[in-house]
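Undergrad: Before I ask anything, let me first share the structure, which is written out below as structure tokens.
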Amino acid sequence: MDQSTNQQQIQVKVSDEVLKGAYANMVQIGHNPEEFVLDFMNLLPPTGIAVARVILSPAHAKRVAAALQENIKRYEEQFGAITATAAPDHKIGFRTE
């Protein structure tokens with residue numbers, strides 16, 4: 001059977017809060033055997049704020065990495081090479097409130 005005729009369309013609901021997005025200029029990544037944890041942050045030294053935490057299975061993290069790599073390739077083909085800058089030279093710690 002042709003796989004394309006057996007696909008189901010999925011409708012995704014997105015709240016206004018999620019739809020507006022969140023700016024992040026830093027991500028901290030941790031992992032254990034079951035998941036990858038991505039903490040997106042907006043840093044403006046000497047402080048910063050975590051704006052989102054995304055938890056992925058290892059298989060999905062690998063798919064996300066491949067999709068990001070492909071999209072960076074497409075971006076550079078359209079707009080030119082992205083110039084990497086040096087990573088910030090400061091230690092980041094978390095504080096819960």
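Just remember, in the structure tokens the first chain shown is A, the second B, etc., residues are 1-based per chain, and ligands are 1-based in the order shown.
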Please report, as number ranges by chain, each residue of chain A to which DSSP assigns alpha helix (DSSP H) when run on this structure's backbone.
TA: A: 16-19, 58-79
Undergrad: Can you list, as a PyMOL selection string, all residues belonging to chain A that DSSP tags as strand (DSSP E)?
TA: chain A and resi 26-31+36-44+47-56
Undergrad: Could you write those residues out with C-alpha atoms, as a PDB file, in the first residue's frame?
TA:
```pdb
ATOM      1  CA  MET A  26      21.688  30.525  24.999  1.00  0.00           C
ATOM      2  CA  VAL A  27      20.779  26.874  25.409  1.00  0.00           C
ATOM      3  CA  GLN A  28      22.074  24.447  28.012  1.00  0.00           C
ATOM      4  CA  ILE A  29      21.700  20.773  27.172  1.00  0.00           C
ATOM      5  CA  GLY A  30      21.734  17.872  29.590  1.00  0.00           C
ATOM      6  CA  HIS A  31      20.889  14.219  29.131  1.00  0.00           C
ATOM      7  CA  PHE A  36      17.594  15.126  26.553  1.00  0.00           C
ATOM      8  CA  VAL A  37      16.725  18.344  28.398  1.00  0.00           C
ATOM      9  CA  LEU A  38      17.165  21.648  26.565  1.00  0.00           C
ATOM     10  CA  ASP A  39      16.953  24.771  28.730  1.00  0.00           C
ATOM     11  CA  PHE A  40      16.611  27.865  26.542  1.00  0.00           C
ATOM     12  CA  MET A  41      17.705  31.111  28.184  1.00  0.00           C
ATOM     13  CA  ASN A  42      17.819  34.813  27.537  1.00  0.00           C
ATOM     14  CA  LEU A  43      21.051  36.102  29.048  1.00  0.00           C
ATOM     15  CA  LEU A  44      21.846  39.733  29.655  1.00  0.00           C
ATOM     16  CA  THR A  47      21.553  37.963  34.993  1.00  0.00           C
ATOM     17  CA  GLY A  48      19.432  35.787  32.766  1.00  0.00           C
ATOM     18  CA  ILE A  49      16.103  34.027  32.651  1.00  0.00           C
ATOM     19  CA  ALA A  50      15.121  30.549  31.476  1.00  0.00           C
ATOM     20  CA  VAL A  51      12.404  31.062  28.867  1.00  0.00           C
ATOM     21  CA  ALA A  52      11.628  27.435  27.995  1.00  0.00           C
ATOM     22  CA  ARG A  53      12.529  23.857  28.865  1.00  0.00           C
ATOM     23  CA  VAL A  54      12.071  21.203  26.192  1.00  0.00           C
ATOM     24  CA  ILE A  55      12.443  17.509  27.046  1.00  0.00           C
ATOM     25  CA  LEU A  56      13.029  15.046  24.189  1.00  0.00           C
TER      26      LEU A  56
END
```
Undergrad: A:Glu34, A:Pro46, A:Thr85, A:Glu77: which is nearest His60 (chain A), counting only C-alpha atoms?
TA: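 Of A:Glu34, A:Pro46, A:Thr85, A:Glu77, the one nearest His60 (chain A) is A:Glu34, counting only C-alpha atoms.
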Undergrad: At a cut-off of 9 Å, using only C-alpha atoms, what residues contact Ile82 (chain A)? Leave out same-chain residues fewer than 5 positions from it and give the result as a ChimeraX atom specification.
TA: /A:72,75-76
